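Engineer: Below: one structure in structure tokens.
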Amino acid sequence: MKLVCSKSNLLSGVQIVSKAVPNKTTMSILECILIDASSGEIKLTANDMELGIETIIEGNIMEKGIIALDAKIFLEIVRKLPDNDIHIETDSNFKTTITCEKAKFNIIGKSGEDFSYLPQIEKSESLVISQFTLKEVVRQTIFSIADNDNNKLMTGELFDISGNKLKVVSLDGHRISIRNILLKNSYEDKKVVVPGKTLNEISKILPGDADRDVNIFFTPKHIVFEFDNTTVVSRLIEGQYFNIEQMLSSDYETKVRINKKEFLNCIDRATLLVKEGDKKPIIINITENSMELKINSIIGSMNEDIDIEKNGKDMMIGFNPKFLIDALRVIDDEEINIYLVNPKAPCFIRDAEEKYIYLILPVNFTTVN
């Protein structure tokens, strides 16, 4: 194999597919990136058997061929080469020479024949969504997936398609994040659970252009994302997702309208007095047209008042401040509505059209005078 491509093209492609290289594996071939120049285009692929990424880069092929190179070493070499054309040449023993200007590396690759290619997916109708929308939806929900494998379904996000609506849901047992999106077209109803890792990696490599689309294909066990020159194939998480509808009450005793930035900044200040791992709740006391926020910790205490619009009863309720901060940071509205039932029931932050819904469970606290 003999090929030439610019450093910027090669580095971009290697960085994209590197997201699918496993950190630990017993199969050394999976620690490699496959360079496939056997069919007139330069295709880079990485695959950890759960997530596979393939991207096509521009360059010139002088001799067709295929090679698998150690991903970490290859990425570091490309990253540190001068900003010029990079020449890659391999021989029959998989010895690979990488040259750029006066720099020359020799490394030993592996046979491309041993590489685990992406599964062949039969593609039927694709769901079309803009890159910007998909990136935003992931940003606004991914923080509330569970970070351990105790319940596999909680480590993924539900994609619930119904006609021309897409609902994306994540939950971790303490909170639920929901985004409702209107699609350009209507589709047959479908529910799948996509691994959080897949969505995290896609959001990192998606350019996020509002004028360019992502095509999403589904099979019983896989989901495929296609955008620009990149294809991402991921296994789905199997199982029946939680019935969240029964958790979403529209009843409330108290409704608060508040400036989002002011509320977020106040909670952020309060957490200055909380050490990492210290589970101190922020106590919110809602009275007529005023919300008092209080926190007490070993370091000290803080309280602050915010002006609000209130309908309904006065209430005192405690929350994990991190859960409030996570939700508030991804809401773009200047003012938000918070709905509360009682100090033991979840609060809801949602807009009038329910484009977003954030449910957060309260925590118990003891009041200190």
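Identifiers in this document derive from the order of the structure tokens: chains are assigned A, B, ..., residues are numbered from 1 separately in each chain, and ligands are numbered from 1 in order of occurrence.
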Any chance you could tabulate, as a tab-separated table, the residues of segment 93-135 of chain A at most 9 Å from segment 231-242 of chain A with each one's nearest atom pair and distance in Å to one decimal, using only C-alpha atoms, in chain and rising number order?

Structural biologist:
```
residue	atom	partner	partner_atom	distance
A:Leu118	CA	A:Val233	CA	7.1
A:Pro119	CA	A:Val233	CA	7.8
A:Ile121	CA	A:Val233	CA	8.6
```

Engineer: Which of segment 27-270 of chain A counts as strand (DSSP E or B) under DSSP, as JSON, numbers by chain please?

Structural biologist: {"A": [32, 33, 34, 35, 36, 42, 43, 44, 45, 46, 47, 51, 52, 53, 54, 55, 56, 57, 60, 61, 62, 63, 66, 67, 68, 69, 70, 85, 86, 87, 88, 89, 90, 95, 96, 97, 98, 99, 100, 103, 104, 105, 106, 107, 108, 110, 127, 128, 129, 130, 156, 157, 158, 159, 160, 161, 162, 163, 164, 165, 166, 167, 168, 169, 170, 171, 175, 176, 177, 178, 179, 180, 181, 182, 183, 184, 185, 186, 187, 188, 189, 190, 191, 192, 193, 194, 195, 213, 214, 215, 216, 217, 218, 222, 223, 224, 225, 226, 227, 230, 231, 232, 233, 234, 235, 254, 255, 256, 257, 258, 259]}

Engineer: I'd like the neighbourhood of Phe323 of chain A as a list in words, where a residue qualifies if any of its atoms comes within 10 Å (using only C-alpha atoms), though same-chain residues fewer than 2 positions away should be ignored.

Structural biologist: Phe143, Ser144, His174, Arg175, Phe319, Asn320, Pro321, Ile325, Asp326, Ala327, Leu328, Tyr358, Leu359, Ile360, Leu361 and Pro362 of chain A

Engineer: Taking the DSSP assignment computed from this structure's backbone, write out as a ChimeraX atom specification all residues of segment 149-360 of chain A that belong to alpha helix (DSSP H).

Structural biologist: /A:196-205,260-270,321-329

Engineer: Point out the residue among A:Lys279, A:Lys80, A:Lys294, A:His222 with the least atom-to-atom distance to Met49 of chain A, counting only C-alpha atoms.

Structural biologist: A:His222

Engineer: Which of these, A:Asp172, A:Asn60, A:Ile86, A:Ile306, has the shortest distance to Asn148 of chain A once you count only C-alpha atoms?

Structural biologist: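 Among A:Asp172, A:Asn60, A:Ile86, A:Ile306, it is A:Asp172 that comes nearest to Asn148 of chain A.
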
Engineer: Work out how far apart atom CA of Met62 of chain A and atom CA of Met1 of chain A are and give it in Å to one decimal.

Structural biologist: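 Calculated distance between atom CA of Met62 of chain A and atom CA of Met1 of chain A is 7.6 Å.
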
Engineer: Pick out the residues sitting within 9 Å of segment 63-69 of chain A, and hand them over as number ranges by chain; count only C-alpha atoms, and ignore anything fewer than 4 positions along from it in its own chain.

Structural biologist: A: 1-3, 29, 31-40, 73-74, 89-90, 94, 96, 107-115

Engineer: Could you please determine the separation between atom CA of Ile98 of chain A and atom CA of Val4 of chain A in Å, to one decimal place?

Structural biologist: 9.8 Å

Engineer: Find, counting only C-alpha atoms, the residue in A:Glu245, A:Glu309, A:Glu41, A:Asp314 that gets nearest to Ile357 of chain A.

Structural biologist: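 Among the listed residues, A:Glu245 lies closest to Ile357 of chain A.
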
Engineer: Report, in Å with one decimal, the straight-line distance from atom CA of Asp332 of chain A to atom CA of Lys280 of chain A.

Structural biologist: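 The value is 27.0 Å.
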
Engineer: Would you list the contacts of Leu75 of chain A as JSON, numbers by chain, taking every protein, DNA or RNA residue within 10 Å and counting only C-alpha atoms, but skipping same-chain residues closer than 3 positions in sequence?

Structural biologist: {"A": [10, 11, 12, 13, 14, 15, 18, 33, 69, 70, 71, 72, 78, 79, 80]}

Engineer: Let's have the selection written as an mmCIF file, in the first residue's frame, with all heavy atoms.

Structural biologist:
```
data_model
loop_
_atom_site.group_PDB
_atom_site.id
_atom_site.type_symbol
_atom_site.label_atom_id
_atom_site.label_comp_id
_atom_site.auth_asym_id
_atom_site.auth_seq_id
_atom_site.Cartn_x
_atom_site.Cartn_y
_atom_site.Cartn_z
ATOM 1 N N LEU A 10 -5.761 13.584 7.466
ATOM 2 C CA LEU A 10 -5.453 12.325 8.147
ATOM 3 C C LEU A 10 -5.718 12.429 9.643
ATOM 4 O O LEU A 10 -6.345 11.550 10.249
ATOM 5 C CB LEU A 10 -3.993 11.931 7.894
ATOM 6 C CG LEU A 10 -3.546 10.583 8.470
ATOM 7 C CD1 LEU A 10 -4.403 9.442 7.946
ATOM 8 C CD2 LEU A 10 -2.077 10.309 8.161
ATOM 9 N N LEU A 11 -5.281 13.543 10.251
ATOM 10 C CA LEU A 11 -5.470 13.714 11.695
ATOM 11 C C LEU A 11 -6.953 13.756 12.046
ATOM 12 O O LEU A 11 -7.395 13.117 13.004
ATOM 13 C CB LEU A 11 -4.772 14.986 12.174
ATOM 14 C CG LEU A 11 -4.859 15.279 13.674
ATOM 15 C CD1 LEU A 11 -4.283 14.130 14.498
ATOM 16 C CD2 LEU A 11 -4.161 16.583 14.025
ATOM 17 N N SER A 12 -7.719 14.492 11.260
ATOM 18 C CA SER A 12 -9.168 14.572 11.504
ATOM 19 C C SER A 12 -9.806 13.185 11.451
ATOM 20 O O SER A 12 -10.575 12.800 12.338
ATOM 21 C CB SER A 12 -9.809 15.502 10.472
ATOM 22 O OG SER A 12 -11.206 15.416 10.544
ATOM 23 N N GLY A 13 -9.459 12.407 10.420
ATOM 24 C CA GLY A 13 -10.023 11.056 10.277
ATOM 25 C C GLY A 13 -9.618 10.128 11.406
ATOM 26 O O GLY A 13 -10.441 9.395 11.959
ATOM 27 N N VAL A 14 -8.323 10.179 11.778
ATOM 28 C CA VAL A 14 -7.832 9.309 12.859
ATOM 29 C C VAL A 14 -8.498 9.686 14.186
ATOM 30 O O VAL A 14 -8.888 8.809 14.974
ATOM 31 C CB VAL A 14 -6.287 9.382 12.964
ATOM 32 C CG1 VAL A 14 -5.791 8.631 14.192
ATOM 33 C CG2 VAL A 14 -5.648 8.802 11.721
ATOM 34 N N GLN A 15 -8.660 10.972 14.442
ATOM 35 C CA GLN A 15 -9.311 11.404 15.689
ATOM 36 C C GLN A 15 -10.768 10.952 15.737
ATOM 37 O O GLN A 15 -11.265 10.572 16.796
ATOM 38 C CB GLN A 15 -9.217 12.930 15.833
ATOM 39 C CG GLN A 15 -7.833 13.394 16.240
ATOM 40 C CD GLN A 15 -7.692 14.908 16.258
ATOM 41 O OE1 GLN A 15 -8.304 15.607 15.457
ATOM 42 N NE2 GLN A 15 -6.886 15.419 17.167
ATOM 43 N N SER A 18 -10.816 7.081 16.305
ATOM 44 C CA SER A 18 -10.197 6.703 17.592
ATOM 45 C C SER A 18 -11.216 6.588 18.715
ATOM 46 O O SER A 18 -10.971 5.903 19.711
ATOM 47 C CB SER A 18 -9.140 7.723 18.001
ATOM 48 O OG SER A 18 -8.023 7.609 17.175
ATOM 49 N N ILE A 33 -6.290 0.839 14.242
ATOM 50 C CA ILE A 33 -7.125 1.512 13.235
ATOM 51 C C ILE A 33 -6.806 0.853 11.904
ATOM 52 O O ILE A 33 -5.635 0.652 11.557
ATOM 53 C CB ILE A 33 -6.802 3.026 13.177
ATOM 54 C CG1 ILE A 33 -7.361 3.729 14.424
ATOM 55 C CG2 ILE A 33 -7.366 3.660 11.913
ATOM 56 C CD1 ILE A 33 -6.926 5.177 14.562
ATOM 57 N N LEU A 69 -2.997 -0.489 12.042
ATOM 58 C CA LEU A 69 -1.914 0.109 12.827
ATOM 59 C C LEU A 69 -2.396 0.408 14.240
ATOM 60 O O LEU A 69 -3.557 0.787 14.435
ATOM 61 C CB LEU A 69 -1.449 1.417 12.176
ATOM 62 C CG LEU A 69 -0.876 1.331 10.756
ATOM 63 C CD1 LEU A 69 -0.534 2.720 10.239
ATOM 64 C CD2 LEU A 69 0.354 0.427 10.710
ATOM 65 N N ASP A 70 -1.483 0.256 15.208
ATOM 66 C CA ASP A 70 -1.815 0.553 16.607
ATOM 67 C C ASP A 70 -2.354 1.976 16.707
ATOM 68 O O ASP A 70 -1.685 2.946 16.336
ATOM 69 C CB ASP A 70 -0.565 0.391 17.477
ATOM 70 C CG ASP A 70 -0.864 0.657 18.946
ATOM 71 O OD1 ASP A 70 -1.005 1.853 19.307
ATOM 72 O OD2 ASP A 70 -0.966 -0.308 19.717
ATOM 73 N N ALA A 71 -3.579 2.112 17.224
ATOM 74 C CA ALA A 71 -4.287 3.395 17.191
ATOM 75 C C ALA A 71 -3.569 4.491 17.970
ATOM 76 O O ALA A 71 -3.422 5.617 17.490
ATOM 77 C CB ALA A 71 -5.709 3.207 17.731
ATOM 78 N N LYS A 72 -3.119 4.170 19.194
ATOM 79 C CA LYS A 72 -2.503 5.203 20.039
ATOM 80 C C LYS A 72 -1.211 5.719 19.419
ATOM 81 O O LYS A 72 -0.982 6.929 19.359
ATOM 82 C CB LYS A 72 -2.228 4.643 21.444
ATOM 83 C CG LYS A 72 -3.474 4.606 22.318
ATOM 84 C CD LYS A 72 -3.172 4.153 23.721
ATOM 85 C CE LYS A 72 -4.453 4.114 24.559
ATOM 86 N NZ LYS A 72 -4.280 3.380 25.802
ATOM 87 N N VAL A 78 0.887 10.990 13.925
ATOM 88 C CA VAL A 78 0.237 11.935 13.002
ATOM 89 C C VAL A 78 0.109 13.312 13.655
ATOM 90 O O VAL A 78 0.369 14.344 13.040
ATOM 91 C CB VAL A 78 -1.146 11.408 12.556
ATOM 92 C CG1 VAL A 78 -1.874 12.446 11.701
ATOM 93 C CG2 VAL A 78 -1.004 10.099 11.785
ATOM 94 N N ARG A 79 -0.268 13.324 14.932
ATOM 95 C CA ARG A 79 -0.473 14.590 15.651
ATOM 96 C C ARG A 79 0.818 15.417 15.698
ATOM 97 O O ARG A 79 0.785 16.636 15.607
ATOM 98 C CB ARG A 79 -0.950 14.280 17.079
ATOM 99 C CG ARG A 79 -1.349 15.511 17.863
ATOM 100 C CD ARG A 79 -1.800 15.128 19.247
ATOM 101 N NE ARG A 79 -3.204 14.768 19.290
ATOM 102 C CZ ARG A 79 -3.735 13.860 20.093
ATOM 103 N NH1 ARG A 79 -2.956 13.180 20.916
ATOM 104 N NH2 ARG A 79 -5.022 13.616 20.083
ATOM 105 N N LYS A 80 1.964 14.719 15.830
ATOM 106 C CA LYS A 80 3.220 15.445 16.043
ATOM 107 C C LYS A 80 4.041 15.656 14.771
ATOM 108 O O LYS A 80 5.121 16.247 14.825
ATOM 109 C CB LYS A 80 4.046 14.719 17.113
ATOM 110 C CG LYS A 80 3.346 14.816 18.475
ATOM 111 C CD LYS A 80 4.087 14.197 19.606
ATOM 112 C CE LYS A 80 3.286 14.409 20.896
ATOM 113 N NZ LYS A 80 3.896 13.806 22.055
#
```

Engineer: Do you know which residues are at most 12 Å from Lys102 of chain A counting only C-alpha atoms, after dropping those on the same chain fewer than 5 positions away, and could you put them as a PyMOL selection string?

Structural biologist: chain A and resi 81-87

Engineer: Can you pull out every residue within 7 Å of Glu58 of chain A, counting only C-alpha atoms, but drop anything in the same chain fewer than 5 positions away, and send it as a ChimeraX atom specification?

Structural biologist: /A:5,9,42
